[in-house]
>>> print(open('input.tsv').read())   # TSV, N, CA and C atoms and all ligand atoms
chain	number	residue	atom	x	y	z
A	1	MET	N	78.36	125.61	107.72
A	1	MET	CA	79.33	125.24	106.67
A	1	MET	C	80.70	125.78	107.04
A	2	THR	N	81.71	124.93	107.00
A	2	THR	CA	83.00	125.32	107.57
A	2	THR	C	83.71	126.41	106.77
A	3	ASP	N	83.46	126.49	105.45
A	3	ASP	CA	84.17	127.50	104.66
A	3	ASP	C	83.32	128.75	104.43
A	4	CYS	N	82.25	128.92	105.19
A	4	CYS	CA	81.35	130.06	105.01
A	4	CYS	C	81.71	131.16	106.01
A	5	VAL	N	81.98	132.36	105.48
A	5	VAL	CA	82.42	133.45	106.35
A	5	VAL	C	81.34	133.85	107.35
A	6	PHE	N	80.07	133.79	106.95
A	6	PHE	CA	79.02	134.19	107.90
A	6	PHE	C	78.78	133.10	108.95
A	7	CYS	N	78.95	131.83	108.60
A	7	CYS	CA	78.90	130.78	109.63
A	7	CYS	C	80.04	130.99	110.63
A	8	LYS	N	81.20	131.40	110.12
A	8	LYS	CA	82.33	131.65	111.02
A	8	LYS	C	82.03	132.81	111.97
A	9	ILE	N	81.39	133.85	111.45
A	9	ILE	CA	80.99	134.97	112.32
A	9	ILE	C	79.98	134.47	113.35
A	10	ALA	N	78.99	133.69	112.90
A	10	ALA	CA	77.96	133.19	113.82
A	10	ALA	C	78.56	132.30	114.92
A	11	ASN	N	79.63	131.58	114.56
A	11	ASN	CA	80.27	130.68	115.54
A	11	ASN	C	81.33	131.39	116.38
A	12	GLY	N	81.59	132.67	116.07
A	12	GLY	CA	82.62	133.40	116.81
A	12	GLY	C	84.03	133.05	116.38
A	13	ASP	N	84.16	132.42	115.21
A	13	ASP	CA	85.49	132.01	114.74
A	13	ASP	C	86.24	133.16	114.06
A	14	ILE	N	85.52	134.15	113.55
A	14	ILE	CA	86.18	135.36	113.06
A	14	ILE	C	85.45	136.56	113.66
A	15	PRO	N	86.20	137.65	113.91
A	15	PRO	CA	85.59	138.79	114.61
A	15	PRO	C	84.64	139.58	113.72
A	16	SER	N	83.66	140.20	114.35
A	16	SER	CA	82.76	141.12	113.65
A	16	SER	C	82.15	142.03	114.71
A	17	SER	N	81.54	143.12	114.25
A	17	SER	CA	80.88	144.03	115.19
A	17	SER	C	79.42	143.62	115.32
A	18	ILE	N	79.16	142.78	116.29
A	18	ILE	CA	77.81	142.25	116.46
A	18	ILE	C	77.00	143.22	117.33
A	19	LEU	N	75.84	143.62	116.82
A	19	LEU	CA	74.97	144.55	117.55
A	19	LEU	C	73.82	143.83	118.23
A	20	TYR	N	73.47	142.67	117.71
A	20	TYR	CA	72.38	141.88	118.31
A	20	TYR	C	72.60	140.43	117.95
A	21	GLU	N	72.32	139.54	118.90
A	21	GLU	CA	72.32	138.10	118.59
A	21	GLU	C	71.39	137.38	119.54
A	22	ASP	N	70.81	136.31	119.04
A	22	ASP	CA	70.02	135.41	119.88
A	22	ASP	C	70.23	134.00	119.35
A	23	ASP	N	69.39	133.08	119.78
A	23	ASP	CA	69.61	131.68	119.40
A	23	ASP	C	69.46	131.45	117.90
A	24	ASP	N	68.75	132.36	117.22
A	24	ASP	CA	68.40	132.11	115.82
A	24	ASP	C	69.08	133.03	114.82
A	25	MET	N	69.43	134.25	115.24
A	25	MET	CA	69.93	135.23	114.26
A	25	MET	C	70.97	136.16	114.87
A	26	LEU	N	71.70	136.84	113.99
A	26	LEU	CA	72.66	137.87	114.40
A	26	LEU	C	72.47	139.10	113.52
A	27	VAL	N	72.82	140.24	114.07
A	27	VAL	CA	72.93	141.48	113.30
A	27	VAL	C	74.32	142.06	113.58
A	28	PHE	N	75.07	142.30	112.50
A	28	PHE	CA	76.42	142.84	112.67
A	28	PHE	C	76.69	143.88	111.58
A	29	LYS	N	77.75	144.67	111.79
A	29	LYS	CA	78.07	145.73	110.84
A	29	LYS	C	78.69	145.17	109.57
A	30	ASP	N	78.25	145.68	108.42
A	30	ASP	CA	78.89	145.32	107.15
A	30	ASP	C	80.29	145.93	107.12
A	31	LEU	N	81.25	145.15	106.64
A	31	LEU	CA	82.66	145.61	106.57
A	31	LEU	C	82.82	146.79	105.63
A	32	HIS	N	81.99	146.87	104.61
A	32	HIS	CA	82.13	147.93	103.59
A	32	HIS	C	80.80	148.67	103.46
A	33	PRO	N	80.52	149.57	104.41
A	33	PRO	CA	79.19	150.20	104.47
A	33	PRO	C	78.87	151.03	103.23
A	34	LYS	N	77.63	150.87	102.75
A	34	LYS	CA	77.13	151.61	101.59
A	34	LYS	C	76.12	152.69	102.00
A	35	ALA	N	75.97	152.90	103.30
A	35	ALA	CA	75.06	153.92	103.84
A	35	ALA	C	75.61	154.26	105.23
A	36	PRO	N	75.15	155.40	105.82
A	36	PRO	CA	75.66	155.77	107.15
A	36	PRO	C	75.54	154.61	108.16
A	37	ILE	N	74.44	153.88	108.08
A	37	ILE	CA	74.31	152.63	108.87
A	37	ILE	C	74.10	151.51	107.86
A	38	HIS	N	74.96	150.52	107.91
A	38	HIS	CA	74.83	149.36	107.00
A	38	HIS	C	75.12	148.11	107.83
A	39	LEU	N	74.05	147.38	108.11
A	39	LEU	CA	74.15	146.18	108.94
A	39	LEU	C	73.75	144.97	108.10
A	40	LEU	N	74.12	143.81	108.58
A	40	LEU	CA	73.69	142.55	107.95
A	40	LEU	C	72.97	141.72	109.00
A	41	ALA	N	71.82	141.18	108.62
A	41	ALA	CA	71.08	140.26	109.50
A	41	ALA	C	71.15	138.88	108.86
A	42	ILE	N	71.57	137.90	109.66
A	42	ILE	CA	71.69	136.53	109.14
A	42	ILE	C	71.03	135.54	110.12
A	43	PRO	N	70.50	134.45	109.58
A	43	PRO	CA	70.12	133.35	110.46
A	43	PRO	C	71.38	132.58	110.84
A	44	ARG	N	71.40	132.00	112.03
A	44	ARG	CA	72.56	131.15	112.38
A	44	ARG	C	72.64	129.94	111.45
A	45	LYS	N	71.48	129.46	111.03
A	45	LYS	CA	71.46	128.29	110.15
A	45	LYS	C	71.98	128.66	108.77
A	46	HIS	N	72.84	127.83	108.21
A	46	HIS	CA	73.36	128.08	106.87
A	46	HIS	C	72.28	127.75	105.85
A	47	ILE	N	71.72	128.79	105.27
A	47	ILE	CA	70.79	128.68	104.14
A	47	ILE	C	71.44	129.52	103.04
A	48	LYS	N	71.57	128.98	101.83
A	48	LYS	CA	72.32	129.70	100.80
A	48	LYS	C	71.61	130.98	100.35
A	49	ASN	N	70.38	130.85	99.92
A	49	ASN	CA	69.61	132.01	99.47
A	49	ASN	C	68.16	131.57	99.28
A	50	LEU	N	67.33	132.45	98.74
A	50	LEU	CA	65.91	132.13	98.62
A	50	LEU	C	65.65	130.98	97.66
A	51	PHE	N	66.56	130.79	96.69
A	51	PHE	CA	66.40	129.65	95.79
A	51	PHE	C	66.47	128.32	96.55
A	52	GLU	N	67.21	128.32	97.64
A	52	GLU	CA	67.47	127.08	98.40
A	52	GLU	C	66.61	126.98	99.65
A	53	LEU	N	65.69	127.92	99.83
A	53	LEU	CA	64.89	127.94	101.05
A	53	LEU	C	63.99	126.71	101.13
A	54	GLU	N	64.09	125.97	102.22
A	54	GLU	CA	63.22	124.82	102.45
A	54	GLU	C	61.97	125.30	103.19
A	55	PRO	N	60.85	124.59	103.01
A	55	PRO	CA	59.62	125.02	103.68
A	55	PRO	C	59.79	125.21	105.18
A	56	GLU	N	60.62	124.35	105.80
A	56	GLU	CA	60.77	124.45	107.26
A	56	GLU	C	61.58	125.68	107.69
A	57	ASP	N	62.23	126.36	106.72
A	57	ASP	CA	63.01	127.56	107.06
A	57	ASP	C	62.20	128.85	106.93
A	58	SER	N	61.01	128.75	106.35
A	58	SER	CA	60.24	129.96	106.07
A	58	SER	C	59.90	130.73	107.34
A	59	GLN	N	59.51	129.99	108.39
A	59	GLN	CA	59.11	130.66	109.63
A	59	GLN	C	60.28	131.43	110.23
A	60	GLN	N	61.48	130.86	110.12
A	60	GLN	CA	62.66	131.53	110.65
A	60	GLN	C	62.89	132.87	109.96
A	61	LEU	N	62.74	132.90	108.65
A	61	LEU	CA	62.91	134.17	107.93
A	61	LEU	C	61.80	135.15	108.31
A	62	ALA	N	60.58	134.64	108.47
A	62	ALA	CA	59.47	135.51	108.89
A	62	ALA	C	59.77	136.09	110.27
A	63	ASP	N	60.31	135.27	111.16
A	63	ASP	CA	60.65	135.76	112.50
A	63	ASP	C	61.71	136.86	112.42
A	64	MET	N	62.70	136.68	111.53
A	64	MET	CA	63.72	137.72	111.37
A	64	MET	C	63.09	139.03	110.91
A	65	LEU	N	62.16	138.92	109.98
A	65	LEU	CA	61.52	140.13	109.46
A	65	LEU	C	60.67	140.84	110.51
A	66	LYS	N	60.21	140.10	111.51
A	66	LYS	CA	59.51	140.72	112.64
A	66	LYS	C	60.49	141.34	113.63
A	67	LYS	N	61.63	140.68	113.81
A	67	LYS	CA	62.58	141.15	114.84
A	67	LYS	C	63.31	142.42	114.40
A	68	ILE	N	63.61	142.53	113.12
A	68	ILE	CA	64.42	143.67	112.67
A	68	ILE	C	63.75	145.01	113.02
A	69	PRO	N	62.47	145.22	112.68
A	69	PRO	CA	61.86	146.50	113.09
A	69	PRO	C	61.73	146.62	114.61
A	70	ALA	N	61.58	145.50	115.29
A	70	ALA	CA	61.49	145.56	116.76
A	70	ALA	C	62.82	146.04	117.37
A	71	LEU	N	63.91	145.87	116.63
A	71	LEU	CA	65.24	146.28	117.10
A	71	LEU	C	65.61	147.68	116.62
A	72	ALA	N	64.70	148.35	115.93
A	72	ALA	CA	65.05	149.61	115.26
A	72	ALA	C	65.68	150.63	116.22
A	73	ASP	N	65.11	150.79	117.40
A	73	ASP	CA	65.67	151.77	118.35
A	73	ASP	C	67.10	151.39	118.72
A	74	GLN	N	67.28	150.13	119.07
A	74	GLN	CA	68.59	149.63	119.48
A	74	GLN	C	69.64	149.77	118.38
A	75	LEU	N	69.19	149.71	117.13
A	75	LEU	CA	70.11	149.78	115.99
A	75	LEU	C	70.21	151.19	115.42
A	76	ASN	N	69.58	152.16	116.09
A	76	ASN	CA	69.59	153.56	115.63
A	76	ASN	C	68.88	153.74	114.30
A	77	LEU	N	67.82	152.97	114.09
A	77	LEU	CA	67.11	152.99	112.81
A	77	LEU	C	65.65	153.38	112.98
A	78	SER	N	65.34	154.08	114.07
A	78	SER	CA	63.92	154.36	114.33
A	78	SER	C	63.33	155.31	113.27
A	79	ASN	N	64.21	156.03	112.57
A	79	ASN	CA	63.76	156.93	111.49
A	79	ASN	C	63.35	156.18	110.22
A	80	GLY	N	63.73	154.91	110.15
A	80	GLY	CA	63.41	154.11	108.96
A	80	GLY	C	64.63	153.36	108.47
A	81	PHE	N	64.40	152.37	107.66
A	81	PHE	CA	65.51	151.57	107.13
A	81	PHE	C	65.08	150.90	105.84
A	82	ARG	N	66.06	150.43	105.10
A	82	ARG	CA	65.83	149.70	103.84
A	82	ARG	C	66.42	148.32	103.98
A	83	LEU	N	65.70	147.31	103.50
A	83	LEU	CA	66.21	145.94	103.46
A	83	LEU	C	66.53	145.57	102.02
A	84	ILE	N	67.69	144.96	101.81
A	84	ILE	CA	68.06	144.45	100.49
A	84	ILE	C	68.54	143.02	100.69
A	85	GLN	N	68.16	142.17	99.77
A	85	GLN	CA	68.51	140.75	99.93
A	85	GLN	C	68.83	140.21	98.55
A	86	ASN	N	70.10	139.86	98.31
A	86	ASN	CA	70.58	139.45	96.99
A	86	ASN	C	70.57	137.92	96.86
A	87	ASN	N	70.18	137.45	95.68
A	87	ASN	CA	70.10	136.01	95.44
A	87	ASN	C	70.84	135.63	94.18
A	88	GLY	N	71.88	134.82	94.32
A	88	GLY	CA	72.58	134.29	93.16
A	88	GLY	C	73.49	135.31	92.50
A	89	GLU	N	74.29	134.80	91.59
A	89	GLU	CA	75.32	135.62	90.93
A	89	GLU	C	74.70	136.84	90.24
A	90	GLY	N	73.63	136.60	89.49
A	90	GLY	CA	73.00	137.71	88.77
A	90	GLY	C	72.38	138.74	89.70
A	91	GLY	N	72.06	138.32	90.91
A	91	GLY	CA	71.49	139.23	91.90
A	91	GLY	C	72.54	139.95	92.71
A	92	GLY	N	73.82	139.66	92.42
A	92	GLY	CA	74.90	140.34	93.13
A	92	GLY	C	75.24	139.70	94.46
A	93	GLN	N	74.85	138.43	94.66
A	93	GLN	CA	75.18	137.76	95.92
A	93	GLN	C	76.63	137.30	95.91
A	94	ILE	N	77.41	137.80	96.86
A	94	ILE	CA	78.82	137.42	96.99
A	94	ILE	C	78.99	136.35	98.06
A	95	VAL	N	78.32	136.55	99.20
A	95	VAL	CA	78.44	135.60	100.31
A	95	VAL	C	77.23	134.66	100.28
A	96	ASP	N	77.50	133.37	100.14
A	96	ASP	CA	76.44	132.38	99.94
A	96	ASP	C	75.85	131.88	101.26
A	97	HIS	N	75.49	132.80	102.12
A	97	HIS	CA	74.73	132.52	103.36
A	97	HIS	C	73.68	133.61	103.41
A	98	ILE	N	72.44	133.23	103.38
A	98	ILE	CA	71.37	134.23	103.19
A	98	ILE	C	71.51	135.36	104.21
A	99	HIS	N	71.32	136.59	103.72
A	99	HIS	CA	71.45	137.75	104.60
A	99	HIS	C	70.60	138.89	104.08
A	100	PHE	N	70.17	139.72	105.03
A	100	PHE	CA	69.47	140.96	104.70
A	100	PHE	C	70.42	142.11	104.97
A	101	HIS	N	70.64	142.94	103.96
A	101	HIS	CA	71.33	144.22	104.19
A	101	HIS	C	70.31	145.16	104.83
A	102	ILE	N	70.70	145.78	105.93
A	102	ILE	CA	69.85	146.78	106.59
A	102	ILE	C	70.55	148.12	106.44
A	103	LEU	N	69.93	149.01	105.68
A	103	LEU	CA	70.54	150.31	105.37
A	103	LEU	C	69.72	151.43	106.00
A	104	GLY	N	70.40	152.41	106.55
A	104	GLY	CA	69.69	153.53	107.14
A	104	GLY	C	70.65	154.59	107.63
A	105	GLY	N	70.12	155.48	108.46
A	105	GLY	CA	70.92	156.60	108.95
A	105	GLY	C	70.78	157.74	107.97
A	106	GLY	N	70.15	158.81	108.36
A	106	GLY	CA	69.92	159.91	107.42
A	106	GLY	C	68.78	159.59	106.48
A	107	GLN	N	68.81	160.23	105.31
A	107	GLN	CA	67.74	160.05	104.32
A	107	GLN	C	68.28	159.27	103.13
A	108	LEU	N	67.80	158.07	102.91
A	108	LEU	CA	68.23	157.29	101.74
A	108	LEU	C	67.55	157.84	100.49
A	109	PRO	N	68.24	157.78	99.34
A	109	PRO	CA	67.59	158.20	98.10
A	109	PRO	C	66.46	157.24	97.73
A	110	ALA	N	65.44	157.75	97.05
A	110	ALA	CA	64.36	156.89	96.56
A	110	ALA	C	64.94	155.90	95.55
A	111	MET	N	64.33	154.74	95.44
A	111	MET	CA	64.81	153.76	94.46
A	111	MET	C	63.96	153.83	93.19
B	201	LIG	P1	76.19	140.28	99.08
B	201	LIG	O1	76.81	140.95	97.89
B	201	LIG	O2	74.70	140.53	99.20
B	201	LIG	O3	76.55	138.81	99.16
B	201	LIG	O4	76.79	141.02	100.33
B	201	LIG	C1	77.82	140.52	101.11
B	201	LIG	C2	78.20	141.61	102.09
B	201	LIG	O5	78.99	141.03	103.09
B	201	LIG	C3	79.02	142.75	101.48
B	201	LIG	O6	78.32	143.98	101.68
B	201	LIG	C4	80.33	142.71	102.24
B	201	LIG	O7	80.83	144.00	102.52
B	201	LIG	C5	79.92	141.98	103.52
B	201	LIG	N1	80.99	141.24	104.19
B	201	LIG	C6	81.81	140.31	103.66
B	201	LIG	N2	82.62	139.78	104.60
B	201	LIG	C7	82.28	140.39	105.78
B	201	LIG	C8	82.74	140.30	107.12
B	201	LIG	N3	83.73	139.44	107.47
B	201	LIG	N4	82.17	141.08	108.06
B	201	LIG	C9	81.18	141.94	107.72
B	201	LIG	N5	80.69	142.06	106.47
B	201	LIG	C10	81.23	141.31	105.51
B	202	ZN	ZN	77.01	129.90	106.33
>>> encode(input="input.tsv", output="C-alpha cells", more="lines below")
Ligand code: AMP
Ligand code: ZN
Amino acid sequence: MTDCVFCKIANGDIPSSILYEDDDMLVFKDLHPKAPIHLLAIPRKHIKNLFELEPEDSQQLADMLKKIPALADQLNLSNGFRLIQNNGEGGGQIVDHIHFHILGGGQLPAM
C-alpha cells in the first residue's frame, strides 16, 4: 500500500534500522522504544491486522512466529522476549500494517 509507512520501510523508501530481513518478513527497531530492546516484526505483504487475515496468510504469520525465536541470539534476546500485537483502534493499533512488537533486554515486569 503506497501510503503505508511499514510498506515504505519494507520497500526501502524510508529509512529504518533493519536487523533482519528475508523474502517474507523484516525486523527493525521501533522509533519510540518502550523497553531496552523494542523491535517490530512485519510481513512484507500488507495485511492490516488479525481482523483482516485471509486464510492464505495464516501460514506466513505462523512462519514469522517460528523465525522470531530462531533469531533470538542475533537480536540479543536469548534471555527471553515478549510479543505484543495490537488490533484496531480499541486495541491501540496506530500503524495499519500487521506487526509484532518484540520487547526484551533486561527483566520485563510481569503482566
Ligand atoms: P501500534 O500502536 O501497535 O500500531 O505500534 C506502531 C509502532 O510503530 C509504534 O511503537 C511506533 O513507535 C512505531 N513506528 C511508527 N513509525 C515508525 C517508523 N518509521 N520506524 C520505526 N517504528 C515506527
Ligand atoms: Zn503496509
>>> closest_residue(input="input.tsv", among="A:Gly12, A:Gly106, A:Gly92, A:Pro43", to="Gly80 (chain A)", atoms="all atoms listed in the file")
A:Gly106
>>> atom_distance(input="input.tsv", atom1="CA of Ile102 (chain A)", atom2="CA of Leu40 (chain A)")
5.9 Å
>>> residues_near_ligand(input="input.tsv", ligand="ligand ZN 202 (chain B)", cutoff="8 Å", atoms="only N, CA and C atoms and all ligand atoms", output="ChimeraX atom specification")
/A:1-10,43-48,95-98
>>> atom_distance(input="input.tsv", atom1="CA of His32 (chain A)", atom2="atom C of Leu83 (chain A)")
15.9 Å
>>> select_by_dssp(input="input.tsv", residues="region 11-78 of chain A", states="strand (DSSP E or B)", output="list in words")
Ile18, Leu19, Tyr20, Glu21, Met25, Leu26, Val27, Phe28, Lys29, Ile37, His38, Leu39, Leu40, Ala41, Ile42 and Pro43 of chain A
>>> write_last_selection(input="input.tsv", atoms="N, CA and C atoms", output="JSON list (two decimals), in the coordinates of the input")
[["chain", "number", "residue", "atom", "x", "y", "z"],
["A", 18, "ILE", "N", 79.16, 142.78, 116.29],
["A", 18, "ILE", "CA", 77.81, 142.25, 116.46],
["A", 18, "ILE", "C", 77.00, 143.22, 117.33],
["A", 19, "LEU", "N", 75.84, 143.62, 116.82],
["A", 19, "LEU", "CA", 74.97, 144.55, 117.55],
["A", 19, "LEU", "C", 73.82, 143.83, 118.23],
["A", 20, "TYR", "N", 73.47, 142.67, 117.71],
["A", 20, "TYR", "CA", 72.38, 141.88, 118.31],
["A", 20, "TYR", "C", 72.60, 140.43, 117.95],
["A", 21, "GLU", "N", 72.32, 139.54, 118.90],
["A", 21, "GLU", "CA", 72.32, 138.10, 118.59],
["A", 21, "GLU", "C", 71.39, 137.38, 119.54],
["A", 25, "MET", "N", 69.43, 134.25, 115.24],
["A", 25, "MET", "CA", 69.93, 135.23, 114.26],
["A", 25, "MET", "C", 70.97, 136.16, 114.87],
["A", 26, "LEU", "N", 71.70, 136.84, 113.99],
["A", 26, "LEU", "CA", 72.66, 137.87, 114.40],
["A", 26, "LEU", "C", 72.47, 139.10, 113.52],
["A", 27, "VAL", "N", 72.82, 140.24, 114.07],
["A", 27, "VAL", "CA", 72.93, 141.48, 113.30],
["A", 27, "VAL", "C", 74.32, 142.06, 113.58],
["A", 28, "PHE", "N", 75.07, 142.30, 112.50],
["A", 28, "PHE", "CA", 76.42, 142.84, 112.67],
["A", 28, "PHE", "C", 76.69, 143.88, 111.58],
["A", 29, "LYS", "N", 77.75, 144.67, 111.79],
["A", 29, "LYS", "CA", 78.07, 145.73, 110.84],
["A", 29, "LYS", "C", 78.69, 145.17, 109.57],
["A", 37, "ILE", "N", 74.44, 153.88, 108.08],
["A", 37, "ILE", "CA", 74.31, 152.63, 108.87],
["A", 37, "ILE", "C", 74.10, 151.51, 107.86],
["A", 38, "HIS", "N", 74.96, 150.52, 107.91],
["A", 38, "HIS", "CA", 74.83, 149.36, 107.00],
["A", 38, "HIS", "C", 75.12, 148.11, 107.83],
["A", 39, "LEU", "N", 74.05, 147.38, 108.11],
["A", 39, "LEU", "CA", 74.15, 146.18, 108.94],
["A", 39, "LEU", "C", 73.75, 144.97, 108.10],
["A", 40, "LEU", "N", 74.12, 143.81, 108.58],
["A", 40, "LEU", "CA", 73.69, 142.55, 107.95],
["A", 40, "LEU", "C", 72.97, 141.72, 109.00],
["A", 41, "ALA", "N", 71.82, 141.18, 108.62],
["A", 41, "ALA", "CA", 71.08, 140.26, 109.50],
["A", 41, "ALA", "C", 71.15, 138.88, 108.86],
["A", 42, "ILE", "N", 71.57, 137.90, 109.66],
["A", 42, "ILE", "CA", 71.69, 136.53, 109.14],
["A", 42, "ILE", "C", 71.03, 135.54, 110.12],
["A", 43, "PRO", "N", 70.50, 134.45, 109.58],
["A", 43, "PRO", "CA", 70.12, 133.35, 110.46],
["A", 43, "PRO", "C", 71.38, 132.58, 110.84]]
>>> closest_residue(input="input.tsv", among="A:Ser58, A:Leu71, A:Ile84, A:Glu52", to="ligand LIG 201 (chain B)", atoms="only N, CA and C atoms and all ligand atoms")
A:Ile84
>>> decode(input="input.tsv", residues="region 35-46 of chain A", atoms="N, CA, C and O atoms", output="PDB file, in the first residue's frame")
ATOM      1  N   ALA A  35      11.024  -0.476  25.803  1.00  0.00           N
ATOM      2  CA  ALA A  35      11.809  -1.433  26.588  1.00  0.00           C
ATOM      3  C   ALA A  35      13.249  -1.285  26.095  1.00  0.00           C
ATOM      4  O   ALA A  35      13.489  -0.681  25.036  1.00  0.00           O
ATOM      5  N   PRO A  36      14.236  -1.823  26.867  1.00  0.00           N
ATOM      6  CA  PRO A  36      15.633  -1.701  26.424  1.00  0.00           C
ATOM      7  C   PRO A  36      15.832  -2.176  24.977  1.00  0.00           C
ATOM      8  O   PRO A  36      16.609  -1.588  24.228  1.00  0.00           O
ATOM      9  N   ILE A  37      15.153  -3.255  24.613  1.00  0.00           N
ATOM     10  CA  ILE A  37      15.116  -3.680  23.198  1.00  0.00           C
ATOM     11  C   ILE A  37      13.651  -3.666  22.776  1.00  0.00           C
ATOM     12  O   ILE A  37      12.806  -4.288  23.444  1.00  0.00           O
ATOM     13  N   HIS A  38      13.353  -2.917  21.740  1.00  0.00           N
ATOM     14  CA  HIS A  38      11.973  -2.852  21.230  1.00  0.00           C
ATOM     15  C   HIS A  38      12.058  -2.891  19.704  1.00  0.00           C
ATOM     16  O   HIS A  38      12.454  -1.915  19.063  1.00  0.00           O
ATOM     17  N   LEU A  39      11.684  -4.049  19.164  1.00  0.00           N
ATOM     18  CA  LEU A  39      11.752  -4.267  17.718  1.00  0.00           C
ATOM     19  C   LEU A  39      10.345  -4.485  17.183  1.00  0.00           C
ATOM     20  O   LEU A  39       9.410  -4.777  17.946  1.00  0.00           O
ATOM     21  N   LEU A  40      10.208  -4.345  15.888  1.00  0.00           N
ATOM     22  CA  LEU A  40       8.940  -4.647  15.216  1.00  0.00           C
ATOM     23  C   LEU A  40       9.209  -5.690  14.144  1.00  0.00           C
ATOM     24  O   LEU A  40      10.184  -5.561  13.388  1.00  0.00           O
ATOM     25  N   ALA A  41       8.372  -6.718  14.108  1.00  0.00           N
ATOM     26  CA  ALA A  41       8.450  -7.730  13.045  1.00  0.00           C
ATOM     27  C   ALA A  41       7.220  -7.574  12.171  1.00  0.00           C
ATOM     28  O   ALA A  41       6.092  -7.535  12.680  1.00  0.00           O
ATOM     29  N   ILE A  42       7.452  -7.462  10.866  1.00  0.00           N
ATOM     30  CA  ILE A  42       6.329  -7.291   9.926  1.00  0.00           C
ATOM     31  C   ILE A  42       6.476  -8.258   8.745  1.00  0.00           C
ATOM     32  O   ILE A  42       7.599  -8.571   8.349  1.00  0.00           O
ATOM     33  N   PRO A  43       5.343  -8.685   8.196  1.00  0.00           N
ATOM     34  CA  PRO A  43       5.417  -9.372   6.911  1.00  0.00           C
ATOM     35  C   PRO A  43       5.592  -8.324   5.809  1.00  0.00           C
ATOM     36  O   PRO A  43       5.138  -7.182   5.957  1.00  0.00           O
ATOM     37  N   ARG A  44       6.271  -8.686   4.732  1.00  0.00           N
ATOM     38  CA  ARG A  44       6.359  -7.733   3.608  1.00  0.00           C
ATOM     39  C   ARG A  44       4.982  -7.461   3.017  1.00  0.00           C
ATOM     40  O   ARG A  44       4.698  -6.348   2.571  1.00  0.00           O
ATOM     41  N   LYS A  45       4.135  -8.482   3.053  1.00  0.00           N
ATOM     42  CA  LYS A  45       2.789  -8.321   2.487  1.00  0.00           C
ATOM     43  C   LYS A  45       1.960  -7.403   3.373  1.00  0.00           C
ATOM     44  O   LYS A  45       1.964  -7.542   4.605  1.00  0.00           O
ATOM     45  N   HIS A  46       1.243  -6.473   2.762  1.00  0.00           N
ATOM     46  CA  HIS A  46       0.380  -5.577   3.528  1.00  0.00           C
ATOM     47  C   HIS A  46      -0.870  -6.331   3.963  1.00  0.00           C
ATOM     48  O   HIS A  46      -1.755  -6.617   3.162  1.00  0.00           O
TER      49      HIS A  46
END
